[in-house]
$ cat start-v9.csv   # CSV, C-alpha atoms
chain,number,residue,atom,x,y,z
A,442,MET,CA,36.3,39.0,44.8
A,443,MET,CA,34.9,40.0,41.4
A,444,ARG,CA,31.4,38.8,40.5
A,445,GLU,CA,30.2,38.6,37.0
A,446,PRO,CA,27.5,41.1,36.4
A,447,ARG,CA,24.1,39.5,35.8
A,448,PRO,CA,22.5,40.4,32.5
A,449,ARG,CA,20.0,43.2,32.8
A,450,PRO,CA,16.3,42.2,32.2
A,451,SER,CA,16.3,44.5,29.2
A,452,ALA,CA,19.2,42.5,27.7
A,453,ARG,CA,17.4,39.2,28.2
A,454,ARG,CA,14.3,40.7,26.5
A,455,THR,CA,16.5,41.8,23.6
A,456,HIS,CA,17.7,38.2,23.2
A,457,LYS,CA,14.1,37.0,23.1
A,458,PHE,CA,13.2,39.6,20.5
A,459,LEU,CA,16.2,38.7,18.5
A,460,LEU,CA,15.2,35.1,18.5
A,461,ILE,CA,11.6,35.9,17.5
A,462,GLU,CA,12.8,38.2,14.8
A,463,SER,CA,15.3,35.7,13.4
A,464,VAL,CA,12.5,33.0,13.3
A,465,ILE,CA,10.2,35.4,11.4
A,466,ALA,CA,13.0,36.4,9.1
A,467,MET,CA,13.7,32.8,8.3
A,468,THR,CA,10.1,32.0,7.5
A,469,ASP,CA,8.4,33.3,4.5
A,470,ARG,CA,5.0,35.0,5.0
A,471,ARG,CA,3.3,32.4,2.8
A,472,PHE,CA,4.9,29.6,4.8
A,473,LEU,CA,3.7,31.2,8.0
A,474,SER,CA,0.1,31.6,6.8
A,475,ALA,CA,0.1,28.0,5.5
A,476,ALA,CA,1.4,26.8,8.9
A,477,ILE,CA,-1.3,28.7,10.8
A,478,ALA,CA,-4.0,27.4,8.4
A,479,THR,CA,-2.7,23.8,8.7
A,480,LEU,CA,-2.5,24.1,12.5
A,481,ALA,CA,-6.0,25.4,12.6
A,482,ILE,CA,-7.3,22.5,10.4
A,483,GLY,CA,-5.2,20.1,12.3
A,484,SER,CA,-6.6,21.3,15.6
A,485,ALA,CA,-10.1,21.1,14.4
A,486,HIS,CA,-9.4,17.6,13.1
A,487,PHE,CA,-7.8,16.7,16.4
A,488,ALA,CA,-10.9,18.0,18.2
A,489,LYS,CA,-13.2,15.9,16.2
A,490,ALA,CA,-10.9,12.8,16.1
A,491,GLU,CA,-13.4,10.7,14.2
A,492,SER,CA,-11.5,10.0,11.1
A,493,LEU,CA,-10.7,6.3,10.9
A,494,PHE,CA,-8.1,4.6,8.8
A,495,SER,CA,-10.8,2.5,7.0
A,496,SER,CA,-11.7,5.7,5.1
A,497,VAL,CA,-8.2,5.8,3.7
A,498,ARG,CA,-8.5,2.1,2.9
A,499,SER,CA,-11.7,2.6,1.0
A,500,THR,CA,-10.7,5.6,-1.0
A,501,TYR,CA,-6.9,6.3,-1.5
A,502,LEU,CA,-5.7,2.7,-1.2
A,503,ALA,CA,-8.7,1.3,-3.1
A,504,GLU,CA,-7.8,3.7,-6.0
A,505,LEU,CA,-4.2,2.5,-6.0
A,506,GLU,CA,-5.5,-1.1,-5.9
A,507,GLN,CA,-7.6,-0.4,-9.0
A,508,THR,CA,-4.6,0.9,-10.9
A,509,ILE,CA,-2.5,-2.1,-9.6
A,510,MET,CA,0.0,0.2,-7.9
A,511,PRO,CA,2.1,-1.3,-5.1
A,512,VAL,CA,3.1,1.0,-2.2
A,513,PHE,CA,6.3,1.3,-0.1
A,514,THR,CA,5.5,1.7,3.6
A,515,VAL,CA,7.5,2.4,6.7
A,516,ARG,CA,6.0,2.2,10.2
A,517,CYS,CA,7.1,2.8,13.7
A,518,ALA,CA,5.3,2.1,17.0
A,519,MET,CA,4.2,4.7,19.6
A,520,GLU,CA,2.8,3.9,23.0
A,521,GLU,CA,-0.8,3.9,21.8
A,522,GLY,CA,-0.5,4.0,18.0
A,523,MET,CA,1.9,4.3,15.2
A,524,PHE,CA,3.4,6.5,12.5
A,525,LEU,CA,3.0,5.4,8.9
A,526,ILE,CA,4.3,6.7,5.6
A,527,ILE,CA,2.8,5.3,2.4
A,528,GLN,CA,4.6,6.0,-0.8
A,529,PRO,CA,3.0,4.6,-4.0
A,530,ILE,CA,5.7,3.5,-6.5
A,531,GLY,CA,4.1,5.4,-9.4
A,532,GLU,CA,3.7,8.7,-7.6
A,533,ARG,CA,6.0,11.5,-6.4
A,534,ARG,CA,3.9,12.3,-3.4
A,535,GLY,CA,3.6,10.0,-0.4
A,536,HIS,CA,1.4,10.3,2.7
A,537,PHE,CA,2.2,10.5,6.4
A,538,TYR,CA,-0.3,9.3,9.0
A,539,GLU,CA,-0.3,9.3,12.8
A,540,LEU,CA,-2.6,6.6,13.9
A,541,SER,CA,-4.0,6.0,17.3
A,542,TRP,CA,-5.3,2.7,18.7
A,543,LYS,CA,-6.9,4.5,21.7
A,544,ASN,CA,-10.4,4.8,20.5
A,545,ARG,CA,-10.3,2.3,17.7
A,546,THR,CA,-13.4,0.5,16.5
A,547,ARG,CA,-12.8,-3.1,15.7
A,548,GLY,CA,-9.1,-2.7,14.9
A,549,ASP,CA,-9.6,0.4,12.9
A,550,PRO,CA,-7.3,3.1,14.2
A,551,GLU,CA,-8.1,6.8,14.3
A,552,ILE,CA,-6.1,9.2,12.2
A,553,PHE,CA,-4.7,12.0,14.4
A,554,ASN,CA,-2.4,13.6,11.8
A,555,THR,CA,-2.0,13.4,8.1
A,556,GLY,CA,0.4,15.1,5.7
A,557,ASP,CA,2.1,14.9,2.3
A,558,VAL,CA,5.6,13.6,2.0
A,559,PHE,CA,8.0,14.5,-0.8
A,560,PHE,CA,11.4,12.8,-0.9
A,561,GLY,CA,13.8,15.6,-1.8
A,562,LEU,CA,17.1,15.9,-3.5
A,563,ARG,CA,19.3,16.0,-0.4
A,564,GLU,CA,16.8,15.6,2.5
A,565,PRO,CA,15.1,12.3,3.1
A,566,VAL,CA,11.8,14.2,3.0
A,567,SER,CA,11.1,17.8,2.1
A,568,PRO,CA,11.2,20.0,5.2
A,569,TRP,CA,7.9,21.7,4.3
A,570,ILE,CA,5.6,18.7,4.6
A,571,MET,CA,3.4,20.7,7.0
A,572,LEU,CA,1.4,18.5,9.2
A,573,GLY,CA,-1.7,19.4,11.1
A,574,GLY,CA,-1.9,18.7,14.8
A,575,PRO,CA,-2.0,20.1,18.3
A,576,GLY,CA,1.0,22.4,17.7
A,577,ALA,CA,3.7,19.7,17.4
A,578,TRP,CA,4.3,19.9,13.6
A,579,ARG,CA,8.1,20.3,14.2
A,580,ILE,CA,8.2,16.9,15.9
A,581,ARG,CA,6.1,15.3,13.2
A,582,ASN,CA,8.3,16.7,10.4
A,583,ALA,CA,11.4,15.4,12.2
A,584,MET,CA,9.6,12.0,12.7
A,585,ALA,CA,8.9,11.8,8.9
A,586,LYS,CA,12.6,12.4,8.2
A,587,ARG,CA,13.7,9.8,10.7
A,588,MET,CA,11.3,7.3,9.3
A,589,ALA,CA,12.6,7.9,5.8
A,590,LYS,CA,15.9,6.4,6.9
A,591,LEU,CA,14.2,3.2,8.2
A,592,PRO,CA,13.8,0.1,5.9
A,593,PHE,CA,10.6,0.2,3.8
A,594,GLN,CA,8.3,-2.7,3.0
A,595,LEU,CA,6.7,-3.2,-0.3
A,596,PHE,CA,3.0,-4.1,-0.3
A,597,LEU,CA,1.3,-5.4,-3.5
A,598,PRO,CA,-2.3,-4.3,-4.0
A,599,GLU,CA,-3.7,-7.6,-2.9
A,600,THR,CA,-1.9,-7.2,0.5
A,601,PHE,CA,-3.0,-3.7,1.4
A,602,ASP,CA,-5.1,-4.9,4.3
A,603,ARG,CA,-2.0,-6.1,6.0
A,604,ILE,CA,-0.5,-2.5,6.2
A,605,ILE,CA,-2.0,-1.9,9.6
A,606,GLU,CA,-2.7,-5.5,10.6
A,607,ALA,CA,0.0,-5.8,13.2
A,608,ASN,CA,1.9,-3.3,15.4
A,609,PRO,CA,5.3,-2.4,14.0
A,610,THR,CA,8.3,-3.8,16.0
A,611,THR,CA,10.4,-0.6,15.5
A,612,LYS,CA,9.8,2.0,18.2
A,613,CYS,CA,9.5,5.6,17.0
A,614,ASP,CA,12.2,8.0,18.1
A,615,THR,CA,10.0,10.8,19.5
A,616,SER,CA,12.8,13.1,20.8
A,617,ASP,CA,12.3,16.8,20.1
A,618,PRO,CA,14.6,17.8,17.2
A,619,GLY,CA,15.0,21.2,19.0
B,791,MET,CA,46.0,-20.9,-32.5
B,792,ILE,CA,43.2,-22.4,-30.4
B,793,LEU,CA,44.4,-20.4,-27.4
B,794,ILE,CA,44.3,-17.2,-29.4
B,795,ALA,CA,40.8,-18.0,-30.7
B,796,ILE,CA,39.7,-18.6,-27.1
B,797,LEU,CA,41.2,-15.4,-25.9
B,798,ILE,CA,39.6,-13.4,-28.7
B,799,ARG,CA,36.2,-15.1,-27.9
B,800,LEU,CA,36.6,-14.3,-24.2
B,801,ASN,CA,37.6,-10.7,-25.0
B,802,ALA,CA,34.5,-10.3,-27.2
B,803,PHE,CA,32.3,-11.8,-24.4
B,804,ALA,CA,33.8,-9.5,-21.8
B,805,SER,CA,33.1,-6.4,-24.0
B,806,ASP,CA,29.5,-7.5,-24.4
B,807,ILE,CA,28.8,-7.5,-20.7
B,808,PRO,CA,27.5,-4.2,-19.6
B,809,ARG,CA,29.2,-2.3,-16.8
B,810,PHE,CA,27.5,-0.5,-14.0
B,811,SER,CA,28.8,2.9,-15.1
B,812,GLU,CA,26.6,2.5,-18.3
B,813,LEU,CA,23.5,2.2,-16.2
B,814,ARG,CA,24.7,5.0,-14.0
B,815,ASN,CA,25.2,7.3,-17.0
B,816,THR,CA,21.9,6.5,-18.6
B,817,TYR,CA,19.0,5.2,-16.6
B,818,LEU,CA,20.2,6.5,-13.1
B,819,ALA,CA,21.3,9.8,-14.6
B,820,GLU,CA,17.8,10.3,-16.0
B,821,VAL,CA,16.2,9.4,-12.6
B,822,GLN,CA,18.6,11.8,-11.0
B,823,LYS,CA,17.8,14.6,-13.4
B,824,GLN,CA,14.1,14.1,-12.6
B,825,ASN,CA,15.0,14.5,-8.9
B,826,ARG,CA,13.5,11.2,-7.9
B,827,PRO,CA,14.7,9.1,-5.0
B,828,ILE,CA,15.0,5.3,-5.5
B,829,PHE,CA,14.0,2.4,-3.3
B,830,ILE,CA,16.6,-0.4,-3.3
B,831,SER,CA,16.4,-3.9,-2.0
B,832,GLY,CA,19.4,-6.2,-2.3
B,833,CYS,CA,20.8,-9.6,-1.4
B,834,ALA,CA,24.3,-11.0,-1.6
B,835,LEU,CA,25.5,-13.5,-4.3
B,836,ARG,CA,28.9,-15.2,-4.4
B,837,GLY,CA,31.2,-12.4,-5.7
B,838,GLY,CA,28.4,-9.9,-6.2
B,839,MET,CA,24.8,-9.0,-5.4
B,840,SER,CA,21.3,-8.8,-6.8
B,841,VAL,CA,19.5,-5.6,-6.5
B,842,LEU,CA,16.0,-4.3,-7.3
B,843,ILE,CA,15.8,-0.5,-8.0
B,844,GLN,CA,12.5,1.3,-8.0
B,845,PRO,CA,12.4,5.0,-8.6
B,846,ALA,CA,9.6,6.9,-6.8
B,847,GLY,CA,7.0,7.9,-9.3
B,848,ALA,CA,8.5,6.3,-12.4
B,849,GLN,CA,8.3,3.0,-14.1
B,850,PRO,CA,9.9,0.7,-14.9
B,851,GLY,CA,12.2,-0.4,-12.1
B,852,LYS,CA,15.4,-2.4,-12.8
B,853,TYR,CA,16.7,-5.8,-11.6
B,854,LEU,CA,20.5,-6.0,-11.7
B,855,GLU,CA,22.9,-8.8,-11.0
B,856,ILE,CA,26.2,-7.2,-10.2
B,857,TYR,CA,29.6,-9.0,-9.9
B,858,TRP,CA,32.7,-7.3,-8.5
B,859,SER,CA,35.1,-10.0,-9.4
B,860,ARG,CA,34.9,-9.4,-13.1
B,861,GLY,CA,34.6,-5.6,-12.9
B,862,GLU,CA,37.2,-3.0,-13.1
B,863,GLN,CA,37.9,-0.9,-10.0
B,864,GLY,CA,34.7,0.6,-9.0
B,865,ASP,CA,32.9,-0.3,-12.1
B,866,PRO,CA,31.5,-3.9,-11.7
B,867,VAL,CA,29.9,-5.8,-14.5
B,868,MET,CA,26.2,-6.6,-14.7
B,869,ILE,CA,25.4,-10.2,-15.7
B,870,ASN,CA,21.7,-9.7,-15.7
B,871,VAL,CA,19.8,-6.4,-16.4
B,872,ALA,CA,16.1,-6.3,-16.7
B,873,ASN,CA,13.2,-3.9,-16.6
B,874,ILE,CA,10.7,-4.8,-14.0
B,875,ASP,CA,7.1,-3.6,-13.4
B,876,ILE,CA,6.3,-4.6,-9.9
B,877,GLY,CA,2.8,-3.3,-10.3
B,878,LYS,CA,1.7,-5.9,-12.8
B,879,ASN,CA,-0.2,-8.9,-11.6
B,880,GLU,CA,2.5,-11.2,-13.0
B,881,PRO,CA,5.5,-9.0,-12.7
B,882,LEU,CA,8.1,-11.7,-13.0
B,883,GLY,CA,7.2,-13.2,-16.3
B,884,GLU,CA,8.8,-10.5,-18.4
B,885,ILE,CA,12.1,-9.9,-16.7
B,886,MET,CA,14.2,-12.7,-18.0
B,887,HIS,CA,17.4,-11.9,-19.7
B,888,GLY,CA,20.5,-14.0,-20.4
B,889,GLY,CA,22.8,-14.6,-17.5
B,890,LEU,CA,24.7,-17.1,-15.5
B,891,GLN,CA,21.7,-18.4,-13.7
B,892,THR,CA,18.6,-19.9,-15.0
B,893,TRP,CA,15.6,-17.6,-15.3
B,894,ARG,CA,13.7,-19.6,-12.7
B,895,ILE,CA,16.4,-18.8,-10.1
B,896,THR,CA,16.5,-15.2,-11.2
B,897,ASN,CA,12.7,-14.9,-10.9
B,898,SER,CA,12.9,-16.5,-7.4
B,899,ILE,CA,15.5,-13.9,-6.4
B,900,VAL,CA,13.3,-11.1,-7.6
B,901,LYS,CA,10.4,-12.5,-5.5
B,902,GLN,CA,12.7,-12.6,-2.5
B,903,LEU,CA,13.8,-9.0,-3.1
B,904,ILE,CA,10.2,-7.8,-3.4
B,905,HIS,CA,9.5,-9.1,0.0
B,906,SER,CA,12.7,-7.8,1.6
B,907,PRO,CA,13.2,-4.4,3.2
B,908,PHE,CA,13.9,-1.5,0.9
B,909,GLN,CA,16.2,1.4,1.6
B,910,VAL,CA,15.7,4.9,0.2
B,911,PHE,CA,18.6,6.4,-1.8
B,912,LEU,CA,18.4,10.1,-2.5
B,913,PRO,CA,19.5,11.3,-6.0
B,914,SER,CA,22.7,12.7,-4.4
B,915,ASP,CA,23.6,9.2,-3.1
B,916,PHE,CA,23.3,7.1,-6.3
B,917,ASP,CA,27.1,6.6,-6.5
B,918,ARG,CA,26.8,4.7,-3.3
B,919,ILE,CA,24.9,1.9,-4.9
B,920,VAL,CA,28.0,0.0,-6.0
B,921,ARG,CA,29.4,0.2,-2.5
B,922,LEU,CA,26.4,-1.7,-1.1
B,923,ARG,CA,27.2,-5.0,0.5
B,924,PRO,CA,23.9,-6.6,1.5
B,925,SER,CA,24.3,-8.8,4.6
B,926,ARG,CA,21.4,-11.1,3.6
B,927,ARG,CA,22.3,-13.8,1.1
B,928,CYS,CA,20.1,-14.6,-1.9
B,929,ASP,CA,18.5,-18.0,-1.9
B,930,THR,CA,19.8,-19.4,-5.2
B,931,LYS,CA,18.0,-22.7,-5.0
B,932,ASP,CA,16.2,-23.6,-8.1
B,933,PRO,CA,12.4,-23.5,-7.2
B,934,GLY,CA,11.8,-26.1,-9.8

$ encode --input "start-v9.csv" --output "structure tokens"
Amino acid sequence: MMREPRPRPSARRTHKFLLIESVIAMTDRRFLSAAIATLAIGSAHFAKAESLFSSVRSTYLAELEQTIMPVFTVRCAMEEGMFLIIQPIGERRGHFYELSWKNRTRGDPEIFNTGDVFFGLREPVSPWIMLGGPGAWRIRNAMAKRMAKLPFQLFLPETFDRIIEANPTTKCDTSDPG
Amino acid sequence: MILIAILIRLNAFASDIPRFSELRNTYLAEVQKQNRPIFISGCALRGGMSVLIQPAGAQPGKYLEIYWSRGEQGDPVMINVANIDIGKNEPLGEIMHGGLQTWRITNSIVKQLIHSPFQVFLPSDFDRIVRLRPSRRCDTKDPG
């Protein structure tokens, strides 16, 4: 009986090297350094984990409120928090937030991740919306793309306080895009 | 003679009504050129639909009332077309244009659309707008 020969360890190593090489070849050096920088910032931010959503409310949203600019939002629920995209109607750039209820203070969630979101020509969101965090930027990017396909809700400036008032009913699809 | 006069009048009326392709070739083409996605909210009317179109990062948005029944294949007519600035404190005062419905009802529909879910359309998908068939019906009651 003929047995199929097992791949030699060196061949397996070659596969690994090929994979790493192709990943490096696909990514631009600038992209790589930006990724590392953002991951570092994100990790530091994660370690501190003291940024609360009220700061976004009192700065970014307050500014939009002053210019009477409504925002489109889309949210989905996680086990102990939610993902949120805010897209002002007068701006090209939106913002992505990963919020956690775990250590909230009086209903004010912590911000675990933030990032910029650009809706592109063919993609629901640009693939380079680099997000900080504990190494899971790929999942966050995929999450932003999935969320862009969900229905958005329009909030007028006088209703901004309701953006994080209640937990969203839509559950986030957190599967790894691979 | 009377019949001919009516037919001429009807023909003139029909040619006055803008078609969706005009908006597609002007306003939407410009938005597409700027590579902006649009947010759309819609509700169904008898024989057509009302939609609110808001490009990301550009004003104004548009309110459209589209009817299939009077449109040519794939190019429906738009009974109402109006600019809309959602950001203003009283956004609904300026949007009224002529149409089959009273302006009160149209304004009421716009309010409904503002509070309805929006869908993102990428610039490559703009041609799909006329194929939309919203499942939710517009409330066409006169708010008085």

$ interface_residues --input "start-v9.csv" --of "chain A" --to "chain B" --cutoff "7 Å" --atoms "all atoms listed in the file" --output "number ranges by chain"
A: 509-511, 530-533, 560, 562-563, 565, 590, 592-595

$ closest_residue --input "start-v9.csv" --among "A:Ala589, A:Cys517, A:Leu597, A:Ile527" --to "Thr611 of chain A" --atoms "all atoms listed in the file"
A:Cys517

$ atom_distance --input "start-v9.csv" --atom1 "atom CA of Gly934 of chain B" --atom2 "atom CA of Ile869 of chain B"
21.7 Å

$ closest_residue --input "start-v9.csv" --among "B:Lys901, B:Arg814, B:Lys852, B:Arg927" --to "Gly838 of chain B" --atoms "all atoms listed in the file"
B:Arg927

$ atom_distance --input "start-v9.csv" --atom1 "atom CA of Thr546 of chain A" --atom2 "atom CA of Asn582 of chain A"
27.8 Å

$ residues_around --input "start-v9.csv" --residues "Glu551 of chain A" --least-positions-apart "2" --cutoff "6 Å" --atoms "all atoms listed in the file" --output "list in words"
Ser492, Leu493, Phe494, Leu540 and Ser541 of chain A

$ closest_residue --input "start-v9.csv" --among "A:Arg581, A:Glu599, A:Asp614, A:Pro609" --to "Gln507 of chain A" --atoms "all atoms listed in the file"
A:Glu599

$ closest_residue --input "start-v9.csv" --among "A:Phe601, A:Trp542, A:Phe553, A:Phe537" --to "Ala585 of chain A" --atoms "only C-alpha atoms"
A:Phe537

$ atom_distance --input "start-v9.csv" --atom1 "atom CA of Ile580 of chain A" --atom2 "atom CA of Arg545 of chain A"
23.6 Å

$ residues_around --input "start-v9.csv" --residues "segment 809-812 of chain B" --least-positions-apart "3" --cutoff "6 Å" --atoms "all atoms listed in the file" --output "list in words"
Asn815, Asp865, Pro866, Val867 and Met868 of chain B

$ residues_around --input "start-v9.csv" --residues "Arg923 of chain B" --least-positions-apart "5" --cutoff "12 Å" --atoms "only C-alpha atoms" --output "list in words"
Ser831, Gly832, Cys833, Ala834, Leu835, Arg836, Gly837, Gly838, Met839, Ser840, Val841, Ile856, Tyr857, Trp858 and Arg918 of chain B

$ closest_residue --input "start-v9.csv" --among "B:Phe916, B:Ile899, B:Ile874, B:Arg894" --to "Pro933 of chain B" --atoms "all atoms listed in the file"
B:Arg894

$ residues_around --input "start-v9.csv" --residues "Leu813 of chain B" --least-positions-apart "5" --cutoff "10 Å" --atoms "only C-alpha atoms" --output "NGL selection string"
:B and (808 or 818-820 or 852 or 854 or 868 or 871)

$ write_last_selection --input "start-v9.csv" --atoms "C-alpha atoms" --output "compact mmCIF listing (two decimals), in the frame of the given file"
# COMPACT_ATOMS: atom_id res chain seq x y z
CA PRO B 808 27.50 -4.20 -19.60
CA LEU B 818 20.20 6.50 -13.10
CA ALA B 819 21.30 9.80 -14.60
CA GLU B 820 17.80 10.30 -16.00
CA LYS B 852 15.40 -2.40 -12.80
CA LEU B 854 20.50 -6.00 -11.70
CA MET B 868 26.20 -6.60 -14.70
CA VAL B 871 19.80 -6.40 -16.40

$ closest_residue --input "start-v9.csv" --among "A:Tyr501, A:Phe513, A:Met584, A:Gly535" --to "Gly561 of chain A" --atoms "all atoms listed in the file"
A:Gly535
